[in-house]
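**Student:** Input structure: run_13.cif, which contains mmCIF, C-alpha atoms (C1' of nucleotides).
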data_start
loop_
_atom_site.label_atom_id
_atom_site.label_comp_id
_atom_site.auth_asym_id
_atom_site.auth_seq_id
_atom_site.Cartn_x
_atom_site.Cartn_y
_atom_site.Cartn_z
CA MET A 1 0.82 14.55 13.91
CA GLU A 2 0.23 18.22 14.52
CA THR A 3 0.01 20.89 11.91
CA ARG A 4 2.98 23.17 12.46
CA ALA A 5 2.31 26.87 12.71
CA PRO A 6 2.83 28.86 9.51
CA SER A 7 6.35 30.23 9.28
CA LEU A 8 7.03 33.88 8.68
CA THR A 9 7.75 33.32 5.03
CA GLU A 10 4.56 31.34 4.68
CA GLN A 11 2.55 34.19 6.12
CA MET A 12 4.09 36.59 3.64
CA ARG A 13 3.23 34.46 0.65
CA ASN A 14 0.84 35.92 -1.81
CA GLY A 15 -0.21 32.60 -3.22
CA ASN A 16 -1.17 29.31 -1.63
CA LEU A 17 -1.08 26.16 -3.72
CA PHE A 18 -3.10 24.29 -1.14
CA ALA A 19 -6.06 26.63 -1.64
CA GLU A 20 -8.39 25.25 -4.25
CA GLN A 21 -9.11 28.43 -6.17
CA CYS A 22 -5.74 30.12 -5.86
CA PRO A 23 -4.42 31.35 -9.23
CA SER A 24 -0.98 30.08 -8.31
CA ARG A 25 -2.25 26.66 -9.35
CA ASP A 26 -2.59 27.86 -12.92
CA VAL A 27 0.96 29.14 -12.92
CA LEU A 28 2.22 25.86 -11.55
CA LYS A 29 0.22 24.07 -14.21
CA HIS A 30 1.84 26.04 -17.01
CA VAL A 31 5.34 25.80 -15.65
CA THR A 32 5.20 22.10 -14.86
CA SER A 33 3.25 21.13 -17.94
CA ARG A 34 4.63 18.42 -20.16
CA TRP A 35 6.31 20.87 -22.54
CA GLY A 36 6.56 23.87 -20.25
CA VAL A 37 9.41 22.32 -18.31
CA LEU A 38 11.38 21.56 -21.46
CA ILE A 39 10.80 25.01 -22.94
CA LEU A 40 12.04 26.75 -19.82
CA VAL A 41 15.13 24.57 -19.69
CA ALA A 42 15.81 24.88 -23.40
CA LEU A 43 15.57 28.66 -23.37
CA GLN A 44 18.24 28.84 -20.68
CA GLY A 45 20.65 28.26 -23.55
CA GLY A 46 19.54 31.57 -25.07
CA THR A 47 17.14 32.74 -27.72
CA HIS A 48 15.53 30.11 -29.90
CA ARG A 49 13.27 30.16 -32.90
CA PHE A 50 10.06 28.17 -33.00
CA SER A 51 11.51 25.46 -35.22
CA ASP A 52 14.66 25.24 -33.14
CA LEU A 53 12.62 24.49 -30.06
CA ARG A 54 10.50 22.00 -31.90
CA ARG A 55 13.53 20.12 -33.16
CA LYS A 56 15.20 20.17 -29.78
CA MET A 57 12.21 18.84 -27.85
CA GLY A 58 11.50 15.32 -28.93
CA GLY A 59 7.87 14.55 -29.65
CA VAL A 60 6.20 17.92 -29.31
CA SER A 61 3.55 18.90 -31.84
CA GLU A 62 3.29 22.37 -33.36
CA LYS A 63 0.02 22.93 -31.62
CA MET A 64 1.21 22.11 -28.13
CA LEU A 65 4.46 24.01 -28.54
CA ALA A 66 2.59 27.11 -29.66
CA GLN A 67 0.02 26.77 -26.92
CA THR A 68 2.55 26.24 -24.15
CA LEU A 69 4.63 29.17 -25.39
CA GLN A 70 1.52 31.34 -25.20
CA TRP A 71 0.85 30.29 -21.63
CA LEU A 72 4.40 31.08 -20.59
CA GLU A 73 4.31 34.36 -22.49
CA ALA A 74 1.07 35.41 -20.78
CA ASP A 75 2.57 34.54 -17.39
CA GLY A 76 5.51 36.79 -18.16
CA PHE A 77 8.15 34.06 -18.34
CA VAL A 78 8.81 34.08 -22.07
CA ASN A 79 9.44 36.92 -24.46
CA ARG A 80 8.18 36.64 -28.02
CA LYS A 81 9.78 38.77 -30.67
CA SER A 82 8.35 38.65 -34.16
CA TYR A 83 10.21 40.00 -37.17
CA PRO A 84 7.86 41.08 -39.97
CA VAL A 85 9.71 39.43 -42.82
CA VAL A 86 8.97 36.71 -45.32
CA PRO A 87 9.32 33.98 -44.42
CA PRO A 88 8.30 34.87 -40.82
CA HIS A 89 10.95 34.93 -38.15
CA VAL A 90 10.01 34.63 -34.48
CA GLU A 91 12.39 34.44 -31.56
CA TYR A 92 11.64 33.24 -28.04
CA SER A 93 13.69 34.05 -24.98
CA LEU A 94 13.36 34.14 -21.20
CA THR A 95 12.30 37.28 -19.39
CA PRO A 96 14.05 38.14 -16.10
CA LEU A 97 11.11 36.53 -14.33
CA GLY A 98 11.43 33.52 -16.59
CA GLU A 99 15.12 33.18 -15.77
CA GLU A 100 14.17 32.81 -12.13
CA VAL A 101 11.59 30.06 -12.54
CA SER A 102 13.66 28.27 -15.10
CA GLU A 103 16.40 27.91 -12.49
CA LYS A 104 14.01 26.16 -10.14
CA VAL A 105 12.60 24.02 -12.90
CA ALA A 106 16.04 23.13 -14.22
CA ALA A 107 17.17 22.12 -10.74
CA LEU A 108 14.30 19.66 -10.58
CA ALA A 109 14.89 18.43 -14.11
CA ASP A 110 18.59 17.92 -13.43
CA TRP A 111 17.87 15.98 -10.28
CA ILE A 112 15.52 13.66 -12.08
CA GLU A 113 17.93 13.09 -14.94
CA GLY A 114 20.77 12.41 -12.53
CA ASN A 115 18.84 10.13 -10.19
CA LEU A 116 16.92 8.17 -12.78
CA PRO A 117 18.80 4.93 -12.02
CA LYS A 118 17.70 5.03 -8.39
CA VAL A 119 14.10 5.53 -9.39
CA MET A 120 14.24 2.73 -11.93
CA ALA A 121 15.76 0.46 -9.31
CA SER A 122 12.92 1.26 -6.95
CA ARG A 123 10.42 0.30 -9.60
CA ASN A 124 12.12 -3.00 -10.28
CA GLU A 125 12.17 -3.95 -6.61
CA ARG A 126 8.44 -3.54 -6.57
CA ASP A 127 7.97 -5.83 -9.54
CA ALA A 128 9.96 -8.56 -7.82
CA MET B 1 22.26 30.45 -32.17
CA GLU B 2 24.65 27.58 -31.75
CA THR B 3 24.07 24.48 -29.74
CA ARG B 4 26.60 24.47 -26.95
CA ALA B 5 28.62 21.35 -26.37
CA PRO B 6 27.32 19.01 -23.65
CA SER B 7 28.92 19.78 -20.30
CA LEU B 8 30.62 17.11 -18.24
CA THR B 9 27.65 16.76 -15.95
CA GLU B 10 25.37 16.46 -18.89
CA GLN B 11 27.42 13.65 -20.29
CA MET B 12 27.19 11.82 -17.00
CA ARG B 13 23.45 12.06 -16.83
CA ASN B 14 21.55 8.84 -16.93
CA GLY B 15 18.35 10.38 -18.15
CA ASN B 16 17.56 12.93 -20.81
CA LEU B 17 14.24 14.72 -20.71
CA PHE B 18 14.67 15.92 -24.26
CA ALA B 19 14.70 12.36 -25.57
CA GLU B 20 11.22 11.29 -26.52
CA GLN B 21 11.23 7.79 -25.05
CA CYS B 22 13.36 8.42 -21.97
CA PRO B 23 11.73 7.05 -18.79
CA SER B 24 12.75 10.22 -16.97
CA ARG B 25 9.72 11.82 -18.58
CA ASP B 26 7.43 9.52 -16.61
CA VAL B 27 9.14 10.45 -13.38
CA LEU B 28 8.81 14.13 -14.18
CA LYS B 29 5.18 13.55 -14.99
CA HIS B 30 4.46 11.96 -11.62
CA VAL B 31 6.43 14.51 -9.63
CA THR B 32 5.00 17.57 -11.39
CA SER B 33 1.48 16.23 -11.67
CA ARG B 34 -1.34 18.33 -10.32
CA TRP B 35 -1.44 16.51 -6.99
CA GLY B 36 2.07 15.09 -6.96
CA VAL B 37 3.57 18.48 -6.22
CA LEU B 38 1.23 19.08 -3.31
CA ILE B 39 1.76 15.63 -1.86
CA LEU B 40 5.54 16.00 -1.89
CA VAL B 41 5.35 19.40 -0.25
CA ALA B 42 2.77 18.30 2.30
CA LEU B 43 4.79 15.27 3.35
CA GLN B 44 7.77 17.49 4.14
CA GLY B 45 5.87 18.30 7.30
CA GLY B 46 6.14 14.66 8.36
CA THR B 47 4.01 11.55 8.21
CA HIS B 48 0.40 11.98 7.18
CA ARG B 49 -2.58 9.70 6.93
CA PHE B 50 -4.68 9.45 3.81
CA SER B 51 -7.49 11.58 5.19
CA ASP B 52 -5.05 14.14 6.53
CA LEU B 53 -3.62 14.63 3.09
CA ARG B 54 -7.03 14.79 1.52
CA ARG B 55 -8.19 17.47 3.92
CA LYS B 56 -5.01 19.47 3.52
CA MET B 57 -5.04 19.50 -0.26
CA GLY B 58 -8.03 21.46 -1.43
CA GLY B 59 -10.04 19.86 -4.19
CA VAL B 60 -8.43 16.45 -4.57
CA SER B 61 -10.66 13.42 -5.03
CA GLU B 62 -10.05 10.10 -3.28
CA LYS B 63 -9.33 8.47 -6.57
CA MET B 64 -6.66 10.91 -7.72
CA LEU B 65 -5.02 11.08 -4.32
CA ALA B 66 -4.76 7.30 -4.18
CA GLN B 67 -3.50 7.07 -7.74
CA THR B 68 -0.88 9.80 -7.33
CA LEU B 69 0.32 8.26 -4.07
CA GLN B 70 0.76 4.96 -5.88
CA TRP B 71 2.83 6.59 -8.61
CA LEU B 72 5.08 8.26 -6.07
CA GLU B 73 5.35 5.07 -4.07
CA ALA B 74 6.35 3.06 -7.14
CA ASP B 75 8.98 5.66 -8.01
CA GLY B 76 10.44 5.28 -4.54
CA PHE B 77 9.56 8.75 -3.27
CA VAL B 78 6.84 7.87 -0.83
CA ASN B 79 6.68 5.23 1.86
CA ARG B 80 3.36 3.57 2.61
CA LYS B 81 2.90 1.94 5.98
CA SER B 82 -0.30 0.06 6.64
CA TYR B 83 -1.43 -0.97 10.11
CA PRO B 84 -3.74 -4.00 10.07
CA VAL B 85 -6.36 -2.67 12.43
CA VAL B 86 -10.03 -1.81 12.20
CA PRO B 87 -10.69 0.79 11.09
CA PRO B 88 -7.69 0.77 8.74
CA HIS B 89 -4.76 3.02 9.48
CA VAL B 90 -2.28 3.95 6.73
CA GLU B 91 0.59 6.37 7.02
CA TYR B 92 2.47 8.06 4.23
CA SER B 93 5.92 9.57 4.50
CA LEU B 94 8.84 10.59 2.32
CA THR B 95 11.67 8.18 1.61
CA PRO B 96 15.24 9.57 1.59
CA LEU B 97 14.93 9.80 -2.19
CA GLY B 98 11.60 11.54 -1.79
CA GLU B 99 13.12 14.08 0.59
CA GLU B 100 15.53 15.04 -2.14
CA VAL B 101 12.97 15.63 -4.88
CA SER B 102 10.56 17.29 -2.54
CA GLU B 103 13.21 19.93 -1.83
CA LYS B 104 13.45 20.76 -5.52
CA VAL B 105 9.70 20.71 -5.93
CA ALA B 106 9.15 22.83 -2.83
CA ALA B 107 11.68 25.38 -4.06
CA LEU B 108 9.67 25.75 -7.23
CA ALA B 109 6.36 25.86 -5.37
CA ASP B 110 7.68 28.48 -2.96
CA TRP B 111 8.92 30.63 -5.79
CA ILE B 112 5.56 30.56 -7.49
CA GLU B 113 3.67 31.36 -4.30
CA GLY B 114 6.02 34.21 -3.53
CA ASN B 115 6.08 35.71 -7.01
CA LEU B 116 2.43 35.32 -7.85
CA PRO B 117 1.79 39.10 -7.84
CA LYS B 118 4.41 39.63 -10.54
CA VAL B 119 2.86 36.95 -12.69
CA MET B 120 -0.63 38.33 -12.21
CA ALA B 121 0.64 41.78 -13.12
CA SER B 122 2.12 40.41 -16.30
CA ARG B 123 -1.21 38.90 -17.23
CA ASN B 124 -3.07 42.13 -16.63
CA GLU B 125 -0.68 44.12 -18.81
CA ARG B 126 -1.49 41.78 -21.64
CA ASP B 127 -5.22 42.30 -21.22
CA ALA B 128 -4.83 46.07 -21.42
"C1'" DC C 1 8.24 29.89 -41.22
"C1'" DG C 2 5.18 30.25 -37.67
"C1'" DG C 3 1.31 29.90 -36.73
"C1'" DC C 4 -4.42 29.08 -36.30
"C1'" DA C 5 -8.92 26.27 -36.85
"C1'" DT C 6 -11.03 22.04 -36.86
"C1'" DC C 7 -11.71 17.35 -35.98
"C1'" DC C 8 -11.08 13.33 -33.30
"C1'" DG C 9 -9.25 9.72 -30.31
"C1'" DA C 10 -6.86 9.02 -25.88
"C1'" DT C 11 -6.24 10.10 -21.41
"C1'" DC C 12 -7.47 12.55 -17.19
"C1'" DA C 13 -10.20 13.29 -13.48
"C1'" DG C 14 -14.65 13.70 -10.67
"C1'" DA C 15 -18.93 11.54 -8.75
"C1'" DT C 16 -20.91 7.65 -7.08
"C1'" DA C 17 -21.34 3.18 -5.20
"C1'" DC C 18 -19.29 -0.54 -2.98
"C1'" DT C 19 -15.82 -3.25 0.22
"C1'" DG C 20 -12.43 -5.10 3.90
"C1'" DC D 1 -10.62 4.63 7.37
"C1'" DA D 2 -8.70 3.70 3.19
"C1'" DG D 3 -9.30 2.39 -0.42
"C1'" DT D 4 -11.37 -0.13 -5.34
"C1'" DA D 5 -14.63 -0.31 -9.43
"C1'" DT D 6 -17.31 1.76 -12.71
"C1'" DC D 7 -19.29 5.24 -15.33
"C1'" DT D 8 -19.08 9.70 -17.52
"C1'" DG D 9 -17.80 14.29 -18.71
"C1'" DA D 10 -13.76 17.26 -19.40
"C1'" DT D 11 -9.39 18.11 -21.04
"C1'" DC D 12 -5.24 16.87 -23.44
"C1'" DG D 13 -2.96 16.38 -27.36
"C1'" DG D 14 -2.00 14.77 -32.20
"C1'" DA D 15 -3.18 15.03 -37.36
"C1'" DT D 16 -4.65 17.63 -40.93
"C1'" DG D 17 -5.52 21.59 -43.69
"C1'" DC D 18 -5.26 26.50 -44.32
"C1'" DC D 19 -3.15 31.18 -44.12
"C1'" DG D 20 -0.11 35.54 -43.84
#
Mind turning this structure into structure tokens?
**Tutor:**
Amino acid sequence: METRAPSLTEQMRNGNLFAEQCPSRDVLKHVTSRWGVLILVALQGGTHRFSDLRRKMGGVSEKMLAQTLQWLEADGFVNRKSYPVVPPHVEYSLTPLGEEVSEKVAALADWIEGNLPKVMASRNERDA
Amino acid sequence: METRAPSLTEQMRNGNLFAEQCPSRDVLKHVTSRWGVLILVALQGGTHRFSDLRRKMGGVSEKMLAQTLQWLEADGFVNRKSYPVVPPHVEYSLTPLGEEVSEKVAALADWIEGNLPKVMASRNERDA
DNA sequence: CGGCATCCGATCAGATACTG
DNA sequence: CAGTATCTGATCGGATGCCG
């Protein structure tokens, strides 16, 4: 089949995920990473502390939670606010930019959660 | 902050990404994998052959393309049609279920492509 | 409490060679 | 053309220990 001509919106895009070296791939990687998705969805509920997030997200290690939070912070999606007290107190929240992506990510996450039975059924058919 | 009570839709969900052993995590993994995203978006344009996909998606190896296609096929998102001719001819397309996820995935991909400048700006601020 | 540094095994992913 | 098989390096990701 033919390759359709690029639409107007496509021409105006500043990133192209199909280009091998495009930095948009890094952003996608952070956002769709194993824990990135859950962080973005979890923070939709409002500000959370590090330990809150860790408790909420089953199975995440301290290391990966910290690392993923740093990625998302560097990309401008997550805001990190540290209170200089003992014991330390750090709060994470979504930036305006983060609110936008998290909506897209949450829409995908919701779809998957809601349609899981159909997917499981498809897998079982294949086994039979 | 308080944990809000589960909404009605949340209660009706059949999957829960925050649960460590929930199979929905595997589905998310396939769909948001490095090449899974690109495959789902690419197939929105219609049926594609293996080589078409490979050419279109910069940087993917034969192995990973084949493997990712198999994941998506097993999950019921992608349809594989093989014509028994020489040389072989195999066509990939989205199933109705796949059309649905691909919309969510494409919405995310589009957002990232369109907002890449903002993200890059955020990164640069941090460096300064 | 919220990290960081190090070590280490598991998994991912590319290159290459081979096949129907 | 559309894969599979194998090998190998790269990266992911968890466990542990330490620190402000």
**Student:** Could you work out how far atom CA of A:Gly114 lies from atom CA of A:Arg126, giving the answer in Å with one decimal?
**Tutor:**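 Here the two named atoms are 21.0 Å from each other.
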**Student:** Could you tell me which residues of chain A sit within 10 Å of chain D when counting all atoms listed in the file, and give me the result as a PDB file with C-alpha atoms, in the coordinates of the input?
**Tutor:**
ATOM      1  CA  VAL A  60       6.200  17.920 -29.310  1.00  0.00           C
ATOM      2  CA  SER A  61       3.550  18.900 -31.840  1.00  0.00           C
ATOM      3  CA  GLU A  62       3.290  22.370 -33.360  1.00  0.00           C
ATOM      4  CA  LYS A  63       0.020  22.930 -31.620  1.00  0.00           C
ATOM      5  CA  MET A  64       1.210  22.110 -28.130  1.00  0.00           C
ATOM      6  CA  VAL A  86       8.970  36.710 -45.320  1.00  0.00           C
ATOM      7  CA  PRO A  87       9.320  33.980 -44.420  1.00  0.00           C
ATOM      8  CA  PRO A  88       8.300  34.870 -40.820  1.00  0.00           C
TER       9      PRO A  88
END
**Student:** Run through the PyMOL selection byres ((chain A) within 12 of (chain C)) on the given coordinates and return the selected residues as a list in words.
**Tutor:**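 Listing what the PyMOL selection byres ((chain A) within 12 of (chain C)) selects in the shown file: Arg49, Phe50, Ser51, Asp52, Arg54, Glu62, Lys63, Met64, Leu65, Ala66, Gln67, Leu69, Gln70, Arg80, Lys81, Ser82, Tyr83, Pro84, Val85, Val86, Pro87, Pro88, His89, Val90, Glu91 and Tyr92 of chain A.
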**Student:** Export, as a PDB file, in the frame of the given file, the selected residues with C-alpha atoms.
**Tutor:**
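Everything below was put into again-v1.pdb:
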ATOM      1  CA  ARG A  49      13.270  30.160 -32.900  1.00  0.00           C
ATOM      2  CA  PHE A  50      10.060  28.170 -33.000  1.00  0.00           C
ATOM      3  CA  SER A  51      11.510  25.460 -35.220  1.00  0.00           C
ATOM      4  CA  ASP A  52      14.660  25.240 -33.140  1.00  0.00           C
ATOM      5  CA  ARG A  54      10.500  22.000 -31.900  1.00  0.00           C
ATOM      6  CA  GLU A  62       3.290  22.370 -33.360  1.00  0.00           C
ATOM      7  CA  LYS A  63       0.020  22.930 -31.620  1.00  0.00           C
ATOM      8  CA  MET A  64       1.210  22.110 -28.130  1.00  0.00           C
ATOM      9  CA  LEU A  65       4.460  24.010 -28.540  1.00  0.00           C
ATOM     10  CA  ALA A  66       2.590  27.110 -29.660  1.00  0.00           C
ATOM     11  CA  GLN A  67       0.020  26.770 -26.920  1.00  0.00           C
ATOM     12  CA  LEU A  69       4.630  29.170 -25.390  1.00  0.00           C
ATOM     13  CA  GLN A  70       1.520  31.340 -25.200  1.00  0.00           C
ATOM     14  CA  ARG A  80       8.180  36.640 -28.020  1.00  0.00           C
ATOM     15  CA  LYS A  81       9.780  38.770 -30.670  1.00  0.00           C
ATOM     16  CA  SER A  82       8.350  38.650 -34.160  1.00  0.00           C
ATOM     17  CA  TYR A  83      10.210  40.000 -37.170  1.00  0.00           C
ATOM     18  CA  PRO A  84       7.860  41.080 -39.970  1.00  0.00           C
ATOM     19  CA  VAL A  85       9.710  39.430 -42.820  1.00  0.00           C
ATOM     20  CA  VAL A  86       8.970  36.710 -45.320  1.00  0.00           C
ATOM     21  CA  PRO A  87       9.320  33.980 -44.420  1.00  0.00           C
ATOM     22  CA  PRO A  88       8.300  34.870 -40.820  1.00  0.00           C
ATOM     23  CA  HIS A  89      10.950  34.930 -38.150  1.00  0.00           C
ATOM     24  CA  VAL A  90      10.010  34.630 -34.480  1.00  0.00           C
ATOM     25  CA  GLU A  91      12.390  34.440 -31.560  1.00  0.00           C
ATOM     26  CA  TYR A  92      11.640  33.240 -28.040  1.00  0.00           C
TER      27      TYR A  92
END
**Student:** Pull out every residue of chain B sitting within 7 Å of chain A, counting only C-alpha atoms, and send them as a VMD selection string.
**Tutor:** chain B and resid 13 to 16 18 to 20 24 32 56 to 59 74 to 76 104 to 105 107 to 108 112 to 114 116 to 117 119 122 to 123 126
**Student:** Can you give me, as a VMD selection string, the residues this file yields under the PyMOL selection byres ((chain A and resi 94) around 6)?
**Tutor:** chain A and resid 77 to 79 93 95 98 to 99
**Student:** Padding 5 Å on each side, edges along x, y and z: where is the centre of the box around the listed atoms of stretch 2-14 of chain D, and how long are its edges in Å to one decimal? Output it as AutoDock Vina command-line options.
**Tutor:**
--center_x -10.6 --center_y 8.9 --center_z -14.5 --size_x 27.3 --size_y 28.4 --size_z 45.4
